[in-house]
file protein.json (JSON, C-alpha atoms and all ligand atoms)
[["chain", "number", "residue", "atom", "x", "y", "z"],
["R", 1, "MET", "CA", 163.32, 90.38, 80.18],
["R", 2, "LYS", "CA", 164.00, 86.74, 79.32],
["R", 3, "ASP", "CA", 160.88, 86.65, 77.12],
["R", 4, "VAL", "CA", 162.04, 89.59, 75.03],
["R", 5, "GLN", "CA", 165.64, 88.35, 74.84],
["R", 6, "ARG", "CA", 164.32, 85.15, 73.28],
["R", 7, "LEU", "CA", 162.87, 87.19, 70.40],
["R", 8, "LEU", "CA", 166.17, 88.89, 69.68],
["R", 9, "ILE", "CA", 168.04, 85.58, 69.77],
["R", 10, "GLU", "CA", 165.45, 84.04, 67.43],
["R", 11, "ASN", "CA", 165.91, 87.00, 65.07],
["R", 12, "LYS", "CA", 169.67, 86.36, 64.84],
["R", 13, "ALA", "CA", 169.01, 82.69, 64.05],
["R", 14, "TRP", "CA", 166.45, 83.65, 61.40],
["R", 15, "VAL", "CA", 168.90, 86.02, 59.69],
["R", 16, "GLN", "CA", 171.54, 83.29, 59.60],
["R", 17, "GLU", "CA", 169.08, 80.77, 58.20],
["R", 18, "LYS", "CA", 168.05, 83.10, 55.35],
["R", 19, "ILE", "CA", 171.61, 84.10, 54.47],
["R", 20, "GLN", "CA", 172.72, 80.47, 54.36],
["R", 21, "VAL", "CA", 170.12, 79.70, 51.68],
["R", 22, "ASN", "CA", 170.56, 83.00, 49.78],
["R", 23, "PRO", "CA", 173.40, 85.36, 50.73],
["R", 24, "GLY", "CA", 171.62, 88.25, 48.94],
["R", 25, "TYR", "CA", 168.26, 87.66, 50.64],
["R", 26, "PHE", "CA", 168.15, 90.89, 52.62],
["R", 27, "GLU", "CA", 169.73, 93.05, 49.91],
["R", 28, "ASP", "CA", 166.95, 91.85, 47.58],
["R", 29, "MET", "CA", 164.26, 92.47, 50.18],
["R", 30, "ALA", "CA", 165.48, 96.00, 50.83],
["R", 31, "LYS", "CA", 164.93, 96.90, 47.16],
["R", 32, "GLY", "CA", 161.16, 97.09, 47.58],
["R", 33, "GLN", "CA", 157.91, 95.21, 47.85],
["R", 34, "GLN", "CA", 155.41, 93.95, 45.29],
["R", 35, "PRO", "CA", 152.82, 92.09, 47.32],
["R", 36, "THR", "CA", 150.00, 90.29, 45.50],
["R", 37, "PHE", "CA", 147.80, 90.07, 48.58],
["R", 38, "LEU", "CA", 146.30, 92.40, 51.14],
["R", 39, "TRP", "CA", 145.32, 90.53, 54.30],
["R", 40, "ILE", "CA", 142.79, 92.04, 56.70],
["R", 41, "GLY", "CA", 142.59, 89.80, 59.74],
["R", 42, "CYS", "CA", 141.98, 89.67, 63.47],
["R", 43, "SER", "CA", 144.71, 90.70, 65.90],
["R", 44, "ASP", "CA", 144.37, 87.30, 67.62],
["R", 45, "SER", "CA", 147.86, 85.88, 68.25],
["R", 46, "ARG", "CA", 146.80, 82.48, 66.95],
["R", 47, "VAL", "CA", 146.16, 83.70, 63.41],
["R", 48, "PRO", "CA", 149.57, 84.71, 61.97],
["R", 49, "PRO", "CA", 148.77, 85.37, 58.28],
["R", 50, "ASN", "CA", 152.17, 84.68, 56.70],
["R", 51, "GLU", "CA", 152.68, 81.49, 58.66],
["R", 52, "ILE", "CA", 149.29, 79.90, 57.93],
["R", 53, "THR", "CA", 149.44, 80.72, 54.20],
["R", 54, "GLY", "CA", 153.12, 80.03, 53.56],
["R", 55, "CYS", "CA", 153.65, 83.60, 52.35],
["R", 56, "HIS", "CA", 157.20, 84.93, 52.38],
["R", 57, "PRO", "CA", 158.14, 88.49, 53.33],
["R", 58, "GLY", "CA", 157.17, 90.77, 50.45],
["R", 59, "GLU", "CA", 154.15, 88.75, 49.34],
["R", 60, "MET", "CA", 151.45, 90.02, 51.69],
["R", 61, "PHE", "CA", 150.51, 93.49, 52.93],
["R", 62, "VAL", "CA", 148.81, 93.15, 56.31],
["R", 63, "ALA", "CA", 146.32, 95.00, 58.49],
["R", 64, "ARG", "CA", 144.93, 93.50, 61.66],
["R", 65, "ASN", "CA", 142.44, 94.71, 64.20],
["R", 66, "ILE", "CA", 140.04, 93.18, 66.71],
["R", 67, "ALA", "CA", 137.56, 90.99, 64.80],
["R", 68, "ASN", "CA", 138.83, 92.02, 61.33],
["R", 69, "LEU", "CA", 136.48, 94.96, 60.86],
["R", 70, "VAL", "CA", 136.30, 97.29, 57.87],
["R", 71, "ILE", "CA", 135.06, 100.59, 59.29],
["R", 72, "HIS", "CA", 134.83, 103.53, 56.92],
["R", 73, "THR", "CA", 136.02, 106.03, 59.52],
["R", 74, "ASP", "CA", 139.05, 103.90, 60.46],
["R", 75, "LEU", "CA", 141.76, 106.10, 58.96],
["R", 76, "SER", "CA", 144.43, 103.48, 59.59],
["R", 77, "LEU", "CA", 142.64, 100.69, 57.73],
["R", 78, "MET", "CA", 141.46, 102.99, 54.94],
["R", 79, "SER", "CA", 145.05, 104.20, 54.44],
["R", 80, "VAL", "CA", 146.28, 100.60, 54.29],
["R", 81, "LEU", "CA", 143.54, 99.77, 51.78],
["R", 82, "GLU", "CA", 144.31, 102.78, 49.60],
["R", 83, "TYR", "CA", 148.05, 102.21, 49.63],
["R", 84, "ALA", "CA", 147.66, 98.49, 48.88],
["R", 85, "VAL", "CA", 145.11, 98.91, 46.06],
["R", 86, "VAL", "CA", 146.19, 102.18, 44.42],
["R", 87, "TYR", "CA", 149.97, 102.10, 44.82],
["R", 88, "LEU", "CA", 151.00, 98.49, 45.44],
["R", 89, "LYS", "CA", 148.29, 97.25, 43.06],
["R", 90, "VAL", "CA", 147.46, 94.09, 44.99],
["R", 91, "LYS", "CA", 145.22, 91.64, 43.13],
["R", 92, "HIS", "CA", 143.54, 89.97, 46.06],
["R", 93, "ILE", "CA", 142.14, 91.30, 49.32],
["R", 94, "ILE", "CA", 141.63, 88.56, 51.86],
["R", 95, "ILE", "CA", 139.41, 89.38, 54.78],
["R", 96, "CYS", "CA", 139.85, 86.60, 57.30],
["R", 97, "GLY", "CA", 137.86, 85.88, 60.43],
["R", 98, "HIS", "CA", 138.49, 82.99, 62.78],
["R", 99, "TYR", "CA", 136.33, 80.67, 64.83],
["R", 100, "GLY", "CA", 136.38, 81.35, 68.55],
["R", 101, "CYS", "CA", 137.02, 85.07, 67.95],
["R", 102, "GLY", "CA", 137.01, 86.84, 71.34],
["R", 103, "GLY", "CA", 135.79, 90.10, 69.80],
["R", 104, "VAL", "CA", 132.82, 88.43, 68.14],
["R", 105, "ALA", "CA", 132.01, 86.46, 71.31],
["R", 106, "ALA", "CA", 132.13, 89.67, 73.37],
["R", 107, "SER", "CA", 129.75, 91.38, 70.96],
["R", 108, "LEU", "CA", 127.14, 88.74, 71.79],
["R", 109, "THR", "CA", 127.22, 89.47, 75.53],
["R", 110, "PRO", "CA", 125.39, 92.32, 77.27],
["R", 111, "SER", "CA", 128.53, 93.26, 79.25],
["R", 112, "SER", "CA", 129.96, 96.74, 78.78],
["R", 113, "LEU", "CA", 133.74, 96.53, 78.28],
["R", 114, "GLY", "CA", 134.51, 100.24, 78.11],
["R", 115, "SER", "CA", 135.88, 101.89, 74.97],
["R", 116, "ILE", "CA", 135.88, 98.58, 73.13],
["R", 117, "ASP", "CA", 132.05, 98.70, 73.17],
["R", 118, "LYS", "CA", 132.22, 101.27, 70.37],
["R", 119, "TRP", "CA", 134.33, 98.96, 68.22],
["R", 120, "LEU", "CA", 132.24, 95.87, 68.96],
["R", 121, "ARG", "CA", 129.07, 97.79, 68.18],
["R", 122, "ASN", "CA", 129.81, 97.21, 64.50],
["R", 123, "ILE", "CA", 129.60, 93.44, 65.06],
["R", 124, "LYS", "CA", 126.41, 93.90, 67.08],
["R", 125, "ASP", "CA", 124.94, 95.58, 63.97],
["R", 126, "VAL", "CA", 125.83, 92.48, 61.92],
["R", 127, "ALA", "CA", 124.26, 90.29, 64.62],
["R", 128, "ASN", "CA", 121.07, 92.38, 64.63],
["R", 129, "SER", "CA", 120.79, 92.20, 60.83],
["R", 130, "ASN", "CA", 121.00, 88.41, 61.03],
["R", 131, "TRP", "CA", 119.19, 87.83, 64.32],
["R", 132, "GLY", "CA", 116.49, 85.65, 62.72],
["R", 133, "GLU", "CA", 119.17, 83.07, 61.90],
["R", 134, "LEU", "CA", 121.34, 83.54, 65.00],
["R", 135, "GLU", "CA", 118.54, 83.17, 67.55],
["R", 136, "LYS", "CA", 117.85, 79.65, 66.26],
["R", 137, "ILE", "CA", 121.41, 78.63, 67.18],
["R", 138, "GLU", "CA", 122.09, 77.78, 70.83],
["R", 139, "ALA", "CA", 123.88, 80.67, 72.58],
["R", 140, "GLY", "CA", 127.61, 79.99, 73.01],
["R", 141, "ALA", "CA", 130.40, 78.76, 70.73],
["R", 142, "LYS", "CA", 128.13, 77.72, 67.83],
["R", 143, "ARG", "CA", 126.33, 81.06, 67.66],
["R", 144, "THR", "CA", 129.65, 82.91, 67.96],
["R", 145, "ASP", "CA", 131.14, 80.88, 65.12],
["R", 146, "ARG", "CA", 128.20, 81.58, 62.82],
["R", 147, "LEU", "CA", 128.49, 85.28, 63.62],
["R", 148, "VAL", "CA", 132.22, 85.03, 62.82],
["R", 149, "GLU", "CA", 131.23, 83.88, 59.33],
["R", 150, "LEU", "CA", 128.48, 86.49, 58.91],
["R", 151, "ASN", "CA", 130.80, 89.23, 60.16],
["R", 152, "THR", "CA", 133.53, 88.23, 57.69],
["R", 153, "ILE", "CA", 131.07, 88.29, 54.77],
["R", 154, "SER", "CA", 129.70, 91.65, 55.96],
["R", 155, "GLN", "CA", 133.21, 93.17, 56.16],
["R", 156, "ALA", "CA", 133.98, 91.86, 52.65],
["R", 157, "LYS", "CA", 130.87, 93.72, 51.46],
["R", 158, "ASN", "CA", 132.00, 96.85, 53.32],
["R", 159, "LEU", "CA", 135.13, 96.83, 51.15],
["R", 160, "THR", "CA", 132.95, 97.06, 48.02],
["R", 161, "HIS", "CA", 131.34, 100.20, 49.45],
["R", 162, "THR", "CA", 134.64, 102.11, 49.36],
["R", 163, "ALA", "CA", 135.56, 104.47, 46.53],
["R", 164, "ILE", "CA", 139.02, 102.84, 46.56],
["R", 165, "VAL", "CA", 137.74, 99.41, 45.49],
["R", 166, "GLN", "CA", 135.06, 100.78, 43.15],
["R", 167, "LYS", "CA", 137.59, 103.00, 41.36],
["R", 168, "ALA", "CA", 139.94, 100.05, 40.82],
["R", 169, "TRP", "CA", 137.08, 98.10, 39.26],
["R", 170, "HIS", "CA", 136.04, 101.13, 37.20],
["R", 171, "GLU", "CA", 139.59, 101.27, 35.80],
["R", 172, "GLY", "CA", 139.29, 97.63, 34.76],
["R", 173, "ARG", "CA", 141.75, 96.35, 37.34],
["R", 174, "ASP", "CA", 141.71, 92.69, 38.34],
["R", 175, "LEU", "CA", 140.84, 92.92, 42.00],
["R", 176, "TYR", "CA", 139.16, 90.20, 44.00],
["R", 177, "ILE", "CA", 137.87, 90.20, 47.56],
["R", 178, "HIS", "CA", 137.91, 86.89, 49.40],
["R", 179, "GLY", "CA", 136.11, 86.19, 52.68],
["R", 180, "TRP", "CA", 137.78, 83.37, 54.58],
["R", 181, "VAL", "CA", 137.57, 81.91, 58.06],
["R", 182, "PHE", "CA", 140.42, 80.23, 59.96],
["R", 183, "ASP", "CA", 139.70, 77.21, 62.12],
["R", 184, "MET", "CA", 142.44, 77.10, 64.72],
["R", 185, "ALA", "CA", 141.26, 73.67, 65.92],
["R", 186, "THR", "CA", 142.34, 72.17, 62.58],
["R", 187, "GLY", "CA", 144.67, 74.84, 61.18],
["R", 188, "LYS", "CA", 142.55, 75.02, 58.03],
["R", 189, "LEU", "CA", 141.23, 78.03, 56.11],
["R", 190, "LYS", "CA", 137.69, 77.87, 54.71],
["R", 191, "GLU", "CA", 136.42, 80.00, 51.81],
["R", 192, "LEU", "CA", 133.14, 81.80, 52.51],
["R", 193, "THR", "CA", 132.80, 84.20, 49.60],
["R", 194, "THR", "CA", 134.62, 85.58, 46.56],
["R", 195, "ILE", "CA", 133.64, 88.99, 45.25],
["R", 196, "ASP", "CA", 134.62, 90.51, 41.89],
["R", 197, "LYS", "CA", 133.63, 93.58, 39.89],
["R", 198, "THR", "CA", 130.22, 92.05, 39.02],
["R", 199, "PHE", "CA", 129.13, 92.23, 42.68],
["R", 200, "PRO", "CA", 125.91, 94.28, 43.05],
["R", 201, "ILE", "CA", 126.56, 97.46, 45.05],
["R", 202, "PRO", "CA", 123.52, 99.11, 46.64],
["R", 203, "PRO", "CA", 122.61, 102.41, 44.86],
["R", 204, "ALA", "CA", 123.42, 104.64, 47.84],
["R", 205, "HIS", "CA", 126.93, 103.16, 48.03],
["R", 206, "GLN", "CA", 127.74, 103.59, 44.34],
["R", 207, "TYR", "CA", 130.38, 106.16, 43.36],
["R", 208, "LYS", "CA", 130.63, 107.68, 39.89],
["R", 209, "PHE", "CA", 134.03, 108.41, 38.38],
["R", 301, "CO", "CO", 139.50, 87.43, 66.81]]

call {"tool": "encode", "arguments": {"input": "protein.json", "output": "structure tokens", "more": "lines below"}}
Ligand code: CO
result
Amino acid sequence: MKDVQRLLIENKAWVQEKIQVNPGYFEDMAKGQQPTFLWIGCSDSRVPPNEITGCHPGEMFVARNIANLVIHTDLSLMSVLEYAVVYLKVKHIIICGHYGCGGVAASLTPSSLGSIDKWLRNIKDVANSNWGELEKIEAGAKRTDRLVELNTISQAKNLTHTAIVQKAWHEGRDLYIHGWVFDMATGKLKELTTIDKTFPIPPAHQYKF
């Protein structure tokens, strides 16, 4: 119980800290949100999106899952994406992987982990598509880290295959997709790719509106 009590005590201190700087802080926050960013990241506890980007409450809409995957049948993520793009009108979607990702590392082993195999299978597909490059890298941390990058870029592309993103572009909205990777050994974010409405979408993935 001591662990959980610590969180509640920290919460009280946080409230006090905010009120001291701005007595109306929480009244303002309760009025609504207008986030500029949608963050899709890994659930890893070492990658807290607001903290590493200096974003305050209200600035970033967040979805996290194991290995930051964009799966078209993931109703939760697709709902987050739709709400963020269509209703909140975010301008930037940041898909962020991180070096040393346990999910990506697990996808490179032949071990069966139970239900999670089905989730990791999506990363195995990315690995298979890029095996010519990956097999030249020594198995272990370096190969995992390259797959982290390739997976992040692949998930960014998956976003462009959704009707949600394509419709926003069709309507002339300013919407950018950024693929980043977080290096927890340095604390730094690295940009891998930026995608805008000029990105070529394969014919079978193109929607007409
Ligand atoms: Co991870």

call {"tool": "residues_around", "arguments": {"input": "protein.json", "residues": "Ala106 of chain R", "least_positions_apart": "5", "cutoff": "10 Å", "atoms": "all atoms listed in the file", "output": "PyMOL selection string"}}
result
chain R and resi 101+111-113+116-117+120+123-124+144

call {"tool": "residues_near_ligand", "arguments": {"input": "protein.json", "ligand": "ligand CO 301 (chain R)", "cutoff": "8 Å", "atoms": "all atoms listed in the file", "output": "CSV table (one decimal) with C-alpha atoms, in the frame of the given file"}}
result
chain,number,residue,atom,x,y,z
R,42,CYS,CA,142.0,89.7,63.5
R,43,SER,CA,144.7,90.7,65.9
R,44,ASP,CA,144.4,87.3,67.6
R,66,ILE,CA,140.0,93.2,66.7
R,67,ALA,CA,137.6,91.0,64.8
R,68,ASN,CA,138.8,92.0,61.3
R,97,GLY,CA,137.9,85.9,60.4
R,98,HIS,CA,138.5,83.0,62.8
R,99,TYR,CA,136.3,80.7,64.8
R,100,GLY,CA,136.4,81.4,68.6
R,101,CYS,CA,137.0,85.1,68.0
R,102,GLY,CA,137.0,86.8,71.3
R,103,GLY,CA,135.8,90.1,69.8
R,104,VAL,CA,132.8,88.4,68.1

call {"tool": "residues_around", "arguments": {"input": "protein.json", "residues": "segment 133-139 of chain R", "least_positions_apart": "4", "cutoff": "12 Å", "atoms": "only C-alpha atoms", "output": "PDB file with C-alpha atoms, keeping the file's coordinate frame"}}
result
ATOM      1  CA  ALA R 105     132.010  86.460  71.310  1.00  0.00           C
ATOM      2  CA  LEU R 108     127.140  88.740  71.790  1.00  0.00           C
ATOM      3  CA  THR R 109     127.220  89.470  75.530  1.00  0.00           C
ATOM      4  CA  LYS R 124     126.410  93.900  67.080  1.00  0.00           C
ATOM      5  CA  VAL R 126     125.830  92.480  61.920  1.00  0.00           C
ATOM      6  CA  ALA R 127     124.260  90.290  64.620  1.00  0.00           C
ATOM      7  CA  ASN R 128     121.070  92.380  64.630  1.00  0.00           C
ATOM      8  CA  SER R 129     120.790  92.200  60.830  1.00  0.00           C
ATOM      9  CA  ARG R 143     126.330  81.060  67.660  1.00  0.00           C
ATOM     10  CA  THR R 144     129.650  82.910  67.960  1.00  0.00           C
ATOM     11  CA  ASP R 145     131.140  80.880  65.120  1.00  0.00           C
ATOM     12  CA  ARG R 146     128.200  81.580  62.820  1.00  0.00           C
ATOM     13  CA  LEU R 147     128.490  85.280  63.620  1.00  0.00           C
ATOM     14  CA  VAL R 148     132.220  85.030  62.820  1.00  0.00           C
ATOM     15  CA  GLU R 149     131.230  83.880  59.330  1.00  0.00           C
ATOM     16  CA  LEU R 150     128.480  86.490  58.910  1.00  0.00           C
TER      17      LEU R 150
END

call {"tool": "residues_around", "arguments": {"input": "protein.json", "residues": "Thr160 of chain R", "least_positions_apart": "2", "cutoff": "10 Å", "atoms": "only C-alpha atoms", "output": "ChimeraX atom specification"}}
result
/R:155-158,162-166,169,177,195-197,199-202,205-206

call {"tool": "closest_atom_pairs", "arguments": {"input": "protein.json", "of": "segment 25-105 of chain R", "to": "segment 185-190 of chain R", "cutoff": "12 Å", "atoms": "only C-alpha atoms", "output": "CSV"}}
result
residue,atom,partner,partner_atom,distance
R:Arg46,CA,R:Gly187,CA,9.8
R:Val47,CA,R:Gly187,CA,9.3
R:Pro48,CA,R:Gly187,CA,11.0
R:Pro49,CA,R:Leu189,CA,10.7
R:Glu51,CA,R:Gly187,CA,10.7
R:Ile52,CA,R:Gly187,CA,7.6
R:Thr53,CA,R:Leu189,CA,8.8
R:Ile94,CA,R:Leu189,CA,11.4
R:Ile95,CA,R:Leu189,CA,11.6
R:Cys96,CA,R:Leu189,CA,8.8
R:Gly97,CA,R:Leu189,CA,9.6
R:His98,CA,R:Leu189,CA,8.8
R:Tyr99,CA,R:Ala185,CA,8.6
R:Gly100,CA,R:Ala185,CA,9.5

call {"tool": "atom_distance", "arguments": {"input": "protein.json", "atom1": "atom CA of Leu81 of chain R", "atom2": "atom CA of Thr194 of chain R"}}
result
17.6 Å
